[in-house]
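S.K.: The structure file input-v2.cif (mmCIF, C-alpha atoms) is provided below.
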data_model
loop_
_atom_site.label_atom_id
_atom_site.label_comp_id
_atom_site.auth_asym_id
_atom_site.auth_seq_id
_atom_site.Cartn_x
_atom_site.Cartn_y
_atom_site.Cartn_z
CA MET U 1219 216.81 -119.91 203.81
CA ALA U 1220 217.54 -117.25 201.19
CA GLU U 1221 217.04 -114.31 203.54
CA ARG U 1222 219.54 -115.52 206.12
CA TYR U 1223 222.44 -113.10 206.32
CA ASN U 1224 221.14 -111.31 203.20
CA ALA U 1225 217.94 -109.50 204.02
CA PHE U 1226 218.95 -107.68 207.20
CA SER U 1227 222.64 -108.26 207.86
CA PHE U 1228 224.91 -105.23 207.73
CA VAL U 1229 228.41 -106.51 208.49
CA ASP U 1230 230.44 -107.76 205.49
CA ARG U 1231 233.66 -108.36 207.36
CA ILE U 1232 235.15 -108.01 210.85
CA SER U 1233 238.67 -106.80 210.12
CA SER U 1234 239.99 -106.50 213.66
CA LEU U 1235 238.92 -107.87 217.00
CA GLU U 1236 240.04 -107.64 220.61
CA PRO U 1237 237.73 -110.32 222.02
CA GLY U 1238 235.04 -108.81 224.20
CA ILE U 1239 236.61 -105.34 224.03
CA ARG U 1240 236.50 -103.72 220.58
CA ALA U 1241 236.21 -104.48 216.92
CA LYS U 1242 236.29 -102.91 213.50
CA GLY U 1243 234.53 -104.03 210.38
CA HIS U 1244 232.77 -102.78 207.32
CA PHE U 1245 229.62 -102.98 205.25
CA ARG U 1246 229.24 -101.86 201.63
CA VAL U 1247 225.81 -100.36 200.97
CA PRO U 1248 224.75 -101.91 197.66
CA GLY U 1249 224.60 -99.39 194.84
CA ALA U 1250 221.28 -100.77 193.64
CA VAL U 1251 219.24 -99.88 196.74
CA GLU U 1252 217.13 -96.73 196.74
CA ASP U 1253 218.49 -95.43 200.04
CA PHE U 1254 220.12 -96.48 203.30
CA PRO U 1255 218.61 -94.57 206.21
CA SER U 1256 220.62 -93.52 209.25
CA SER U 1257 218.68 -95.92 211.46
CA LEU U 1258 220.10 -98.82 209.43
CA VAL U 1259 223.60 -97.41 209.85
CA ALA U 1260 222.91 -97.57 213.59
CA GLU U 1261 221.72 -101.16 213.04
CA ALA U 1262 225.05 -101.99 211.39
CA ILE U 1263 227.00 -100.67 214.38
CA GLY U 1264 224.74 -102.63 216.73
CA GLN U 1265 225.22 -105.78 214.69
CA LEU U 1266 229.01 -105.49 214.94
CA ALA U 1267 228.68 -105.17 218.72
CA ALA U 1268 226.36 -108.19 218.68
CA TRP U 1269 228.97 -110.29 216.85
CA VAL U 1270 231.64 -109.35 219.38
CA SER U 1271 229.41 -110.25 222.31
CA MET U 1272 228.07 -113.49 220.82
CA ASP U 1273 231.58 -114.72 220.15
CA GLN U 1274 232.74 -113.67 223.62
CA LEU U 1275 229.89 -115.68 225.19
CA ASP U 1276 230.52 -118.71 222.96
CA TYR U 1277 227.21 -118.32 221.11
CA ARG U 1278 225.13 -119.22 224.17
CA PHE U 1279 223.40 -115.83 224.10
CA ARG U 1280 222.54 -113.16 221.59
CA PRO U 1281 221.68 -109.51 222.30
CA VAL U 1282 218.44 -107.92 221.22
CA ALA U 1283 217.60 -104.24 220.84
CA GLY U 1284 217.21 -102.57 224.18
CA ILE U 1285 218.41 -99.12 224.99
CA ALA U 1286 220.40 -96.32 223.38
CA ALA U 1287 221.07 -93.16 225.34
CA GLU U 1288 222.01 -91.26 222.20
CA LEU U 1289 222.27 -91.83 218.47
CA THR U 1290 223.80 -88.98 216.52
CA PHE U 1291 223.12 -88.79 212.79
CA LEU U 1292 225.72 -86.53 211.26
CA ARG U 1293 225.62 -87.24 207.55
CA ALA U 1294 223.41 -89.15 205.17
CA VAL U 1295 224.82 -92.33 203.64
CA GLN U 1296 224.47 -92.94 199.92
CA PRO U 1297 224.06 -96.25 198.09
CA GLY U 1298 227.41 -97.59 197.03
CA GLN U 1299 229.30 -96.13 199.98
CA ARG U 1300 231.30 -98.28 202.33
CA LEU U 1301 230.57 -98.00 206.05
CA ASP U 1302 233.60 -98.47 208.26
CA LEU U 1303 232.24 -99.72 211.59
CA GLU U 1304 233.84 -99.46 215.03
CA VAL U 1305 232.57 -100.61 218.42
CA GLU U 1306 233.88 -100.54 221.98
CA ILE U 1307 232.35 -102.92 224.50
CA ASP U 1308 231.93 -101.57 228.04
CA ASN U 1309 230.37 -104.70 229.51
CA CYS U 1310 229.58 -108.12 228.14
CA SER U 1311 227.87 -110.76 230.25
CA GLY U 1312 225.07 -113.26 230.12
CA THR U 1313 222.65 -110.47 231.01
CA ASP U 1314 223.62 -107.70 228.60
CA VAL U 1315 226.16 -106.05 226.34
CA ALA U 1316 226.86 -102.35 226.86
CA TYR U 1317 228.68 -100.60 224.06
CA GLY U 1318 229.28 -97.54 221.98
CA GLY U 1319 230.34 -97.20 218.38
CA ARG U 1320 230.40 -95.29 215.17
CA ALA U 1321 230.22 -95.61 211.41
CA LEU U 1322 232.47 -93.67 209.06
CA VAL U 1323 232.43 -93.06 205.32
CA ASP U 1324 235.69 -91.94 203.77
CA GLY U 1325 237.10 -91.22 207.22
CA LYS U 1326 234.18 -89.00 208.32
CA VAL U 1327 231.82 -90.07 211.08
CA VAL U 1328 228.26 -90.46 209.81
CA VAL U 1329 226.54 -92.04 212.82
CA GLU U 1330 227.53 -92.41 216.47
CA LEU U 1331 225.99 -94.59 219.17
CA HIS U 1332 226.53 -93.66 222.80
CA HIS U 1333 225.70 -95.77 225.84
CA SER U 1334 223.81 -98.53 224.09
CA LEU U 1335 222.69 -101.66 225.88
CA GLY U 1336 221.33 -104.90 224.51
CA PRO U 1337 219.79 -107.48 226.86
CA MET U 1338 221.10 -110.98 226.29
CA LEU U 1339 218.69 -113.83 225.58
CA PRO U 1340 219.37 -117.53 224.94
CA MET U 1341 220.74 -117.98 221.43
CA GLU U 1342 218.76 -121.14 220.78
CA GLU U 1343 215.51 -119.21 220.97
CA PHE U 1344 216.56 -117.18 217.94
CA ASP U 1345 219.05 -119.13 215.87
CA GLN U 1346 221.17 -122.24 215.49
CA PRO U 1347 224.35 -121.55 217.53
CA ALA U 1348 226.54 -123.58 215.19
CA ASP U 1349 225.34 -121.56 212.17
CA VAL U 1350 226.08 -118.28 213.93
CA ARG U 1351 229.53 -119.48 214.93
CA GLU U 1352 230.24 -120.49 211.34
CA ARG U 1353 229.10 -117.11 210.05
CA PHE U 1354 231.40 -115.32 212.50
CA ALA U 1355 234.33 -117.38 211.25
CA LEU U 1356 233.51 -116.26 207.70
CA LEU U 1357 233.26 -112.60 208.72
CA ARG U 1358 236.64 -112.86 210.44
CA ASP U 1359 238.19 -114.55 207.45
CA LEU U 1360 237.49 -113.49 203.86
CA GLY U 1361 234.20 -111.83 204.72
CA ALA U 1362 230.74 -112.15 203.22
CA PRO U 1363 230.07 -111.21 199.60
CA GLU U 1364 229.01 -107.61 199.15
CA GLY U 1365 225.72 -106.60 197.59
CA ARG U 1366 223.46 -109.01 199.49
CA TYR U 1367 221.06 -106.44 200.91
CA GLN U 1368 218.23 -105.47 198.59
CA GLY U 1369 216.35 -102.91 200.63
CA VAL U 1370 213.35 -103.20 202.92
CA PRO U 1371 209.69 -102.67 202.09
CA GLU U 1372 208.00 -99.45 203.13
CA ILE U 1373 206.13 -100.05 206.39
CA GLU U 1374 202.60 -98.70 206.23
CA LEU U 1375 201.54 -96.07 208.78
CA VAL U 1376 197.78 -95.41 208.84
CA PRO U 1377 196.80 -92.11 210.51
CA LEU U 1378 194.14 -92.29 213.23
CA GLU U 1379 194.25 -88.79 214.59
CA GLN U 1380 196.40 -85.81 213.72
CA ILE U 1381 196.91 -82.13 214.28
CA PRO U 1382 199.26 -80.94 211.50
CA GLY U 1383 202.56 -79.79 212.87
CA GLN U 1384 201.70 -80.90 216.41
CA MET U 1385 200.74 -84.53 216.85
CA LEU U 1386 200.04 -87.77 215.08
CA LYS U 1387 198.47 -91.00 216.25
CA ALA U 1388 198.73 -93.79 213.71
CA THR U 1389 198.62 -97.55 213.30
CA LEU U 1390 201.83 -99.21 212.17
CA ARG U 1391 201.00 -102.17 209.95
CA VAL U 1392 203.85 -104.60 210.61
CA PRO U 1393 203.80 -107.13 207.74
CA GLU U 1394 202.99 -110.76 208.45
CA THR U 1395 205.85 -111.82 206.24
CA ALA U 1396 208.91 -110.01 204.89
CA PRO U 1397 212.42 -111.08 203.92
CA PHE U 1398 213.91 -109.31 206.93
CA PHE U 1399 212.01 -111.63 209.28
CA GLY U 1400 213.98 -114.57 207.90
CA ASP U 1401 217.15 -112.85 209.03
CA HIS U 1402 215.83 -111.21 212.20
CA PHE U 1403 215.60 -113.95 213.45
CA PRO U 1404 215.31 -117.41 211.87
CA ARG U 1405 213.70 -119.12 214.88
CA ARG U 1406 211.85 -116.11 216.30
CA PRO U 1407 210.88 -113.37 213.84
CA VAL U 1408 210.90 -109.95 215.48
CA PHE U 1409 210.22 -106.57 213.86
CA PRO U 1410 213.59 -104.73 213.92
CA ALA U 1411 213.70 -101.78 216.30
CA THR U 1412 215.64 -99.78 213.72
CA LEU U 1413 212.84 -100.19 211.16
CA LEU U 1414 210.39 -98.94 213.78
CA LEU U 1415 212.72 -96.00 214.42
CA ASN U 1416 213.06 -95.24 210.70
CA THR U 1417 209.29 -95.19 210.22
CA GLN U 1418 208.81 -92.95 213.23
CA LEU U 1419 211.57 -90.54 212.19
CA LYS U 1420 210.10 -90.15 208.70
CA ALA U 1421 206.70 -89.40 210.23
CA ALA U 1422 208.24 -86.99 212.76
CA ILE U 1423 210.03 -85.10 209.99
CA ARG U 1424 206.77 -84.87 208.02
CA LEU U 1425 205.05 -83.58 211.16
CA ALA U 1426 207.77 -80.97 211.68
CA SER U 1427 207.55 -79.87 208.04
CA GLU U 1428 203.80 -79.18 208.56
CA SER U 1429 204.59 -76.79 211.41
CA ASP U 1430 205.33 -73.11 210.93
CA TYR U 1431 208.64 -73.33 212.78
CA TRP U 1432 210.62 -73.02 209.56
CA PRO U 1433 209.95 -71.63 206.07
CA ARG U 1434 208.03 -74.02 203.86
CA ASN U 1435 210.14 -76.61 201.99
CA THR U 1436 213.07 -76.22 204.41
CA PRO U 1437 214.85 -79.60 204.26
CA LEU U 1438 214.59 -81.16 207.71
CA TRP U 1439 216.21 -84.19 209.28
CA ALA U 1440 216.59 -85.98 212.59
CA GLY U 1441 220.08 -85.13 213.81
CA ARG U 1442 219.85 -86.91 217.15
CA VAL U 1443 217.76 -89.56 218.86
CA ARG U 1444 217.83 -89.79 222.66
CA ASP U 1445 216.51 -92.12 225.35
CA LEU U 1446 215.56 -94.89 222.95
CA LYS U 1447 214.12 -97.94 224.68
CA MET U 1448 212.46 -101.10 223.38
CA ARG U 1449 210.49 -102.70 226.22
CA SER U 1450 209.17 -105.70 224.34
CA PHE U 1451 209.19 -107.32 220.93
CA ILE U 1452 206.90 -106.35 218.07
CA LEU U 1453 205.84 -109.44 216.19
CA PRO U 1454 204.93 -110.09 212.54
CA GLY U 1455 201.40 -108.96 211.77
CA GLN U 1456 200.99 -106.84 214.89
CA GLU U 1457 199.54 -103.34 214.54
CA PRO U 1458 201.04 -101.16 217.26
CA GLU U 1459 199.85 -97.62 217.76
CA ILE U 1460 202.45 -94.94 217.14
CA ARG U 1461 202.11 -91.59 218.88
CA LEU U 1462 204.18 -88.56 217.92
CA ALA U 1463 204.10 -85.19 219.64
CA LEU U 1464 206.18 -82.20 218.57
CA ALA U 1465 207.38 -79.49 220.97
CA ASP U 1466 208.38 -75.94 220.01
CA PRO U 1467 211.97 -75.60 218.78
CA VAL U 1468 214.78 -74.91 221.21
CA GLN U 1469 218.31 -74.18 219.94
CA GLY U 1470 217.15 -74.65 216.37
CA PHE U 1471 215.49 -78.06 216.63
CA ALA U 1472 212.07 -79.35 217.64
CA LEU U 1473 211.82 -82.31 220.01
CA ALA U 1474 209.56 -85.12 218.85
CA THR U 1475 208.39 -87.58 221.48
CA MET U 1476 207.78 -90.94 219.80
CA THR U 1477 206.02 -93.75 221.64
CA THR U 1478 204.72 -97.14 220.52
CA HIS U 1479 201.84 -98.95 222.20
CA ILE U 1480 200.36 -102.43 221.98
CA GLY U 1481 197.20 -103.26 223.89
CA GLY U 1482 197.42 -100.02 225.86
CA LYS U 1483 200.95 -100.82 227.02
CA ARG U 1484 203.92 -98.71 225.95
CA VAL U 1485 206.44 -100.98 224.21
CA ALA U 1486 208.91 -98.41 222.85
CA HIS U 1487 209.95 -94.84 223.43
CA ALA U 1488 212.40 -92.36 221.91
CA LEU U 1489 213.01 -88.64 221.58
CA ALA U 1490 214.12 -87.18 218.24
CA GLU U 1491 215.60 -83.79 217.55
CA ILE U 1492 214.24 -82.52 214.24
CA GLY U 1493 215.69 -79.48 212.54
CA PRO U 1494 217.05 -78.01 209.33
CA LEU U 1495 220.00 -79.79 207.76
CA THR U 1496 222.17 -76.77 208.61
CA VAL U 1497 221.69 -77.27 212.37
CA SER U 1498 224.25 -80.04 212.81
CA PRO U 1499 224.34 -82.00 216.11
CA GLU U 1500 228.09 -81.33 216.12
CA LYS U 1501 227.41 -77.62 216.53
CA ARG U 1502 225.07 -77.96 219.53
CA MET F 1173 229.48 -104.71 252.67
CA SER F 1174 226.19 -105.08 254.50
CA ASN F 1175 223.29 -102.67 254.52
CA LEU F 1176 223.69 -102.34 258.29
CA GLU F 1177 226.58 -99.98 257.66
CA ILE F 1178 224.49 -97.58 255.57
CA THR F 1179 223.05 -94.57 257.37
CA GLU F 1180 219.82 -92.72 256.72
CA GLU F 1181 221.88 -89.66 255.87
CA GLU F 1182 223.79 -91.59 253.21
CA ILE F 1183 220.53 -92.75 251.68
CA GLN F 1184 219.11 -89.23 251.63
CA THR F 1185 222.28 -87.89 250.02
CA VAL F 1186 221.89 -90.10 246.95
CA TYR F 1187 218.08 -90.24 246.93
CA PRO F 1188 217.40 -87.18 244.69
CA THR F 1189 219.65 -88.48 241.92
CA VAL F 1190 218.38 -92.06 242.28
CA ALA F 1191 214.76 -90.87 242.18
CA LYS F 1192 215.40 -88.76 239.08
CA THR F 1193 217.22 -91.67 237.43
CA ILE F 1194 214.33 -94.03 238.15
CA ALA F 1195 211.87 -91.44 236.81
CA ASP F 1196 213.92 -91.02 233.62
CA ALA F 1197 214.26 -94.79 233.15
CA LEU F 1198 210.53 -95.35 233.60
CA GLY F 1199 209.38 -92.28 231.71
CA MET F 1200 207.57 -90.66 234.62
CA ASP F 1201 207.72 -87.44 236.61
CA GLU F 1202 210.22 -87.30 239.45
CA ASP F 1203 207.54 -86.57 242.02
CA GLU F 1204 205.86 -89.89 241.18
CA VAL F 1205 208.83 -91.78 242.62
CA GLU F 1206 208.92 -92.36 246.39
CA LEU F 1207 211.50 -94.06 248.57
CA LYS F 1208 209.14 -96.85 249.55
CA HIS F 1209 207.85 -97.62 246.06
CA SER F 1210 208.45 -101.11 244.67
CA LEU F 1211 209.73 -100.59 241.16
CA ILE F 1212 207.72 -103.50 239.75
CA GLU F 1213 204.62 -103.51 241.94
CA ASP F 1214 204.12 -99.74 242.24
CA LEU F 1215 205.93 -98.26 239.24
CA ASP F 1216 205.29 -100.98 236.60
CA ALA F 1217 208.97 -101.52 235.86
CA GLU F 1218 210.01 -104.49 233.70
CA SER F 1219 213.28 -106.39 233.42
CA ILE F 1220 214.59 -104.07 230.68
CA ASP F 1221 213.94 -101.14 233.02
CA PHE F 1222 216.21 -102.66 235.67
CA LEU F 1223 219.02 -102.96 233.15
CA ASP F 1224 218.34 -99.41 231.99
CA LEU F 1225 218.28 -98.15 235.58
CA VAL F 1226 221.60 -99.70 236.55
CA PHE F 1227 223.10 -98.44 233.28
CA ARG F 1228 221.89 -94.90 234.07
CA LEU F 1229 223.00 -95.08 237.71
CA GLU F 1230 226.51 -96.02 236.52
CA ARG F 1231 226.59 -92.86 234.40
CA ALA F 1232 224.92 -90.62 236.97
CA PHE F 1233 227.31 -91.65 239.75
CA LYS F 1234 230.30 -92.34 237.48
CA MET F 1235 230.97 -95.84 238.72
CA LYS F 1236 230.60 -99.49 237.72
CA ILE F 1237 227.81 -101.54 239.24
CA PRO F 1238 228.27 -105.27 238.64
CA ARG F 1239 225.18 -106.98 237.28
CA GLY F 1240 223.27 -108.88 239.94
CA LYS F 1241 225.01 -106.96 242.73
CA ILE F 1242 221.96 -106.59 244.96
CA VAL F 1243 221.35 -110.33 245.19
CA GLU F 1244 225.06 -111.04 245.41
CA ASP F 1245 225.44 -108.61 248.31
CA ALA F 1246 222.34 -110.06 249.98
CA ARG F 1247 223.83 -113.54 249.76
CA GLY F 1248 227.18 -112.28 251.09
CA GLU F 1249 229.40 -115.15 252.26
CA MET F 1250 226.59 -117.72 252.00
CA PRO F 1251 227.27 -120.21 249.19
CA GLU F 1252 224.82 -119.96 246.30
CA SER F 1253 223.72 -123.55 246.92
CA GLU F 1254 222.63 -122.59 250.43
CA PHE F 1255 220.90 -119.41 249.30
CA GLU F 1256 218.76 -120.96 246.58
CA GLN F 1257 217.96 -124.48 245.44
CA ASN F 1258 216.17 -125.50 242.26
CA GLY F 1259 215.38 -121.85 241.58
CA MET F 1260 213.73 -121.28 244.96
CA VAL F 1261 215.15 -119.22 247.81
CA THR F 1262 215.88 -121.43 250.81
CA GLU F 1263 214.76 -120.71 254.37
CA ALA F 1264 218.28 -119.58 255.22
CA GLY F 1265 218.38 -117.46 252.07
CA MET F 1266 215.03 -115.89 252.92
CA ALA F 1267 216.23 -114.98 256.43
CA ARG F 1268 219.29 -113.38 254.91
CA LEU F 1269 217.20 -111.52 252.34
CA LYS F 1270 214.83 -110.11 254.94
CA ILE F 1271 217.71 -108.66 256.93
CA PHE F 1272 219.41 -107.28 253.85
CA LEU F 1273 216.26 -105.78 252.34
CA SER F 1274 215.25 -104.19 255.65
CA GLU F 1275 213.44 -101.45 253.70
CA VAL F 1276 210.91 -104.02 252.49
CA SER F 1277 208.12 -104.91 254.92
CA ALA F 1278 208.03 -108.56 255.99
CA ASP F 1279 204.55 -109.11 254.59
CA ARG F 1280 205.84 -108.47 251.07
CA PHE F 1281 208.07 -111.53 251.13
CA PRO F 1282 206.09 -114.41 249.61
CA SER F 1283 206.78 -117.94 250.79
CA PRO F 1284 207.99 -119.78 248.86
CA LEU F 1285 209.94 -117.20 246.83
CA LYS F 1286 211.40 -117.91 243.40
CA ALA F 1287 214.93 -116.56 243.05
CA ALA F 1288 213.84 -114.97 239.74
CA ASP F 1289 211.19 -112.99 241.64
CA ILE F 1290 213.58 -111.36 244.10
CA PRO F 1291 213.64 -108.13 242.00
CA ARG F 1292 209.89 -107.77 242.66
CA LEU F 1293 210.87 -106.78 246.20
CA PHE F 1294 213.21 -103.96 245.21
CA THR F 1295 212.24 -100.41 246.13
CA THR F 1296 213.71 -97.00 245.41
CA GLU F 1297 215.49 -97.29 248.76
CA THR F 1298 217.01 -100.61 247.64
CA PHE F 1299 218.69 -98.78 244.78
CA CYS F 1300 219.80 -95.93 247.03
CA LYS F 1301 221.55 -98.51 249.19
CA LEU F 1302 223.02 -100.15 246.06
CA VAL F 1303 224.56 -96.82 245.06
CA VAL F 1304 225.96 -96.16 248.54
CA ARG F 1305 227.46 -99.67 248.75
CA SER F 1306 228.96 -99.34 245.28
CA GLN F 1307 230.46 -95.96 246.16
CA LYS F 1308 232.00 -97.42 249.31
CA ASP F 1309 233.29 -100.46 247.45
CA ALA F 1310 234.90 -98.19 244.88
CA THR F 1311 236.58 -96.13 247.61
CA ALA F 1312 237.78 -99.23 249.45
CA GLY F 1313 238.99 -100.94 246.27
#
What would the structure in this file look like if it were written as structure tokens?
M.R.:
Amino acid sequence: MAERYNAFSFVDRISSLEPGIRAKGHFRVPGAVEDFPSSLVAEAIGQLAAWVSMDQLDYRFRPVAGIAAELTFLRAVQPGQRLDLEVEIDNCSGTDVAYGGRALVDGKVVVELHHSLGPMLPMEEFDQPADVRERFALLRDLGAPEGRYQGVPEIELVPLEQIPGQMLKATLRVPETAPFFGDHFPRRPVFPATLLLNTQLKAAIRLASESDYWPRNTPLWAGRVRDLKMRSFILPGQEPEIRLALADPVQGFALATMTTHIGGKRVAHALAEIGPLTVSPEKR
Amino acid sequence: MSNLEITEEEIQTVYPTVAKTIADALGMDEDEVELKHSLIEDLDAESIDFLDLVFRLERAFKMKIPRGKIVEDARGEMPESEFEQNGMVTEAGMARLKIFLSEVSADRFPSPLKAADIPRLFTTETFCKLVVRSQKDATAG
């Protein structure tokens, strides 16, 4: 399958490993892609943690997106840059992996993950254990060839109801097919939580830019995401409802509440701090 | 450690933080969480919420809580094979569970009970007791 380990895999090599405890690795963002959003940097850190935990549990289980207490986005990553990835594992068992980590570019931290937790599910539901084991061996050895990732399609968000600068209700049109489904995951395609997050953050930033909190055309970004939780999978072709609500700024940033609903049930939740690029999370 | 050694005062000491942690994990207001509430039946919690809750309790109380600790403590010295068989809680296991989960009324225990459904019985008070036991284990260890 052409997409496998190409379309949505963000670890080129695992350079050091203390089994079940910590690891370092890297991923080179291909120069040919248009951009590489912070949510995908977070995905890369999570994938490194996933490799550590899958190996520790002998490929009987794999983690899926669950919870992140805090993601801090400090600097944008440019195509062509190399992400140096680091993770520390707090707990790794057949039920979950708890970890934290960071990504650096040229020695500077660009994204940090704090108190993240991925529930463990049987590997065979998602992938061929022997294939995953073989891939890990490659990552620990010479590494995978760089330049595999070719970007992801824009995910369509269709507004249903909106009050500019205050709230948005919209339908997320998850594609029926996309290359990233072949990689995430071969036996059970699941819409990546970090693509959901990226779509929501872009919409939240647009919402904030419509407000009168800051002068028009002030560049805004999401410096921090808190209390992120995925309660259930989003499947190919589903059309969840996204709801965004923006609160008045405090300490220079506005808090966006982002929820995702399918059939009236909330399936995901996160809070995003939106503010001008000058209001760095480091300074709060 | 058994629940018999946990006092009402100890439960009430940890209850505010446990209630707030449950509220944060489930995305609800603190005053919606009561001591007697079943997390699944009354508060619509799912399995991911239990993981999230234990994760948050570890941070709130600055301690480690082993996964599956409530059931493990309920079982105590009883071998797993005597507590459950073929995924179902045995009669002996059920008796043990009813004593351990004294905060859960007897009529809420279905018979037979699947081992996987034990978490359906857990209430806010169950987690208060979990915190108190974990604190005492940490002190003793």
S.K.: Would you pick out the contacts of Pro1255 of chain U at 8 Å or less, using only C-alpha atoms, so that residues sharing its chain but fewer than 4 positions from it are not included, and give the list as an MDAnalysis selection string?
M.R.: chainID U and resid 1259 1294:1295 1416
S.K.: For chain U, which residues have at least one atom within 12 Å of chain F, if we go by all atoms listed in the file? Write them as a PyMOL selection string, please.
M.R.: chain U and resi 1282-1287+1308-1317+1332-1339+1444-1451+1475+1477+1483-1489
S.K.: Restricting the output to C-alpha atoms, write the selected residues as an mmCIF file, keeping the file's coordinate frame.
M.R.:
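So selection.cif came out as:
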data_model
loop_
_atom_site.group_PDB
_atom_site.id
_atom_site.type_symbol
_atom_site.label_atom_id
_atom_site.label_comp_id
_atom_site.auth_asym_id
_atom_site.auth_seq_id
_atom_site.Cartn_x
_atom_site.Cartn_y
_atom_site.Cartn_z
ATOM 1 C CA VAL U 1282 218.440 -107.920 221.220
ATOM 2 C CA ALA U 1283 217.600 -104.240 220.840
ATOM 3 C CA GLY U 1284 217.210 -102.570 224.180
ATOM 4 C CA ILE U 1285 218.410 -99.120 224.990
ATOM 5 C CA ALA U 1286 220.400 -96.320 223.380
ATOM 6 C CA ALA U 1287 221.070 -93.160 225.340
ATOM 7 C CA ASP U 1308 231.930 -101.570 228.040
ATOM 8 C CA ASN U 1309 230.370 -104.700 229.510
ATOM 9 C CA CYS U 1310 229.580 -108.120 228.140
ATOM 10 C CA SER U 1311 227.870 -110.760 230.250
ATOM 11 C CA GLY U 1312 225.070 -113.260 230.120
ATOM 12 C CA THR U 1313 222.650 -110.470 231.010
ATOM 13 C CA ASP U 1314 223.620 -107.700 228.600
ATOM 14 C CA VAL U 1315 226.160 -106.050 226.340
ATOM 15 C CA ALA U 1316 226.860 -102.350 226.860
ATOM 16 C CA TYR U 1317 228.680 -100.600 224.060
ATOM 17 C CA HIS U 1332 226.530 -93.660 222.800
ATOM 18 C CA HIS U 1333 225.700 -95.770 225.840
ATOM 19 C CA SER U 1334 223.810 -98.530 224.090
ATOM 20 C CA LEU U 1335 222.690 -101.660 225.880
ATOM 21 C CA GLY U 1336 221.330 -104.900 224.510
ATOM 22 C CA PRO U 1337 219.790 -107.480 226.860
ATOM 23 C CA MET U 1338 221.100 -110.980 226.290
ATOM 24 C CA LEU U 1339 218.690 -113.830 225.580
ATOM 25 C CA ARG U 1444 217.830 -89.790 222.660
ATOM 26 C CA ASP U 1445 216.510 -92.120 225.350
ATOM 27 C CA LEU U 1446 215.560 -94.890 222.950
ATOM 28 C CA LYS U 1447 214.120 -97.940 224.680
ATOM 29 C CA MET U 1448 212.460 -101.100 223.380
ATOM 30 C CA ARG U 1449 210.490 -102.700 226.220
ATOM 31 C CA SER U 1450 209.170 -105.700 224.340
ATOM 32 C CA PHE U 1451 209.190 -107.320 220.930
ATOM 33 C CA THR U 1475 208.390 -87.580 221.480
ATOM 34 C CA THR U 1477 206.020 -93.750 221.640
ATOM 35 C CA LYS U 1483 200.950 -100.820 227.020
ATOM 36 C CA ARG U 1484 203.920 -98.710 225.950
ATOM 37 C CA VAL U 1485 206.440 -100.980 224.210
ATOM 38 C CA ALA U 1486 208.910 -98.410 222.850
ATOM 39 C CA HIS U 1487 209.950 -94.840 223.430
ATOM 40 C CA ALA U 1488 212.400 -92.360 221.910
ATOM 41 C CA LEU U 1489 213.010 -88.640 221.580
#
S.K.: Please, which residues are within 10 Å of (198.1, -94.1, 226.9) by the file's coordinates, counting only C-alpha atoms, and could they come as a PyMOL selection string?
M.R.: chain U and resi 1459+1461+1477-1484
S.K.: List every protein, DNA or RNA residue that has at least one atom no more than 9 Å from (206.2, -102.3, 208.9) in the file's coordinates, counting all atoms listed in the file, and write the result as a PyMOL selection string.
M.R.: chain U and resi 1371-1375+1390-1393+1409+1413-1414+1417+1454-1455+1457
S.K.: Could you expand the PyMOL selection byres ((chain U and resi 1490) around 6) into the explicit residues it covers here, written as a JSON list (two decimals) with C-alpha atoms, in the frame of the given file?
M.R.:
[["chain", "number", "residue", "atom", "x", "y", "z"],
["U", 1442, "ARG", "CA", 219.85, -86.91, 217.15],
["U", 1443, "VAL", "CA", 217.76, -89.56, 218.86],
["U", 1473, "LEU", "CA", 211.82, -82.31, 220.01],
["U", 1474, "ALA", "CA", 209.56, -85.12, 218.85],
["U", 1489, "LEU", "CA", 213.01, -88.64, 221.58],
["U", 1491, "GLU", "CA", 215.60, -83.79, 217.55]]
S.K.: Could you list, as a list in words, every residue within 10 Å of Trp1269 of chain U, counting only C-alpha atoms and ignoring same-chain residues fewer than 6 positions away?
M.R.: Val1229, Ile1232, Gly1238, Ala1241, Leu1275, Tyr1277, Arg1280, Pro1281, Val1350, Arg1351, Arg1353, Phe1354 and Leu1357 of chain U
S.K.: Restricting the output to C-alpha atoms, write the selected residues as a tab-separated table (two decimals), in the coordinates of the input.
M.R.:
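And here is the file that came out, part03.tsv:
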chain	number	residue	atom	x	y	z
U	1229	VAL	CA	228.41	-106.51	208.49
U	1232	ILE	CA	235.15	-108.01	210.85
U	1238	GLY	CA	235.04	-108.81	224.20
U	1241	ALA	CA	236.21	-104.48	216.92
U	1275	LEU	CA	229.89	-115.68	225.19
U	1277	TYR	CA	227.21	-118.32	221.11
U	1280	ARG	CA	222.54	-113.16	221.59
U	1281	PRO	CA	221.68	-109.51	222.30
U	1350	VAL	CA	226.08	-118.28	213.93
U	1351	ARG	CA	229.53	-119.48	214.93
U	1353	ARG	CA	229.10	-117.11	210.05
U	1354	PHE	CA	231.40	-115.32	212.50
U	1357	LEU	CA	233.26	-112.60	208.72
S.K.: Skipping near chain neighbours, those fewer than 4 positions away, what residues fall within 12 Å of Lys1270 of chain F using only C-alpha atoms, listed as an MDAnalysis selection string?
M.R.: chainID F and resid 1175 1243 1246:1247 1261 1263:1266 1274:1283 1285 1290 1293:1294
S.K.: Mind telling me what the PyMOL selection byres ((chain F and resi 1245) around 12) catches here, as a PyMOL selection string?
M.R.: chain F and resi 1173-1176+1237-1244+1246-1252+1255+1265+1268-1269+1271-1273+1298+1301-1302+1305-1306+1309
S.K.: Apply the PyMOL selection byres ((chain U and resi 1402) around 12) to the file shown and report the selected residues as an MDAnalysis selection string.
M.R.: chainID U and resid 1221:1228 1261 1265 1280:1283 1343:1345 1395:1401 1403:1413 1451:1454
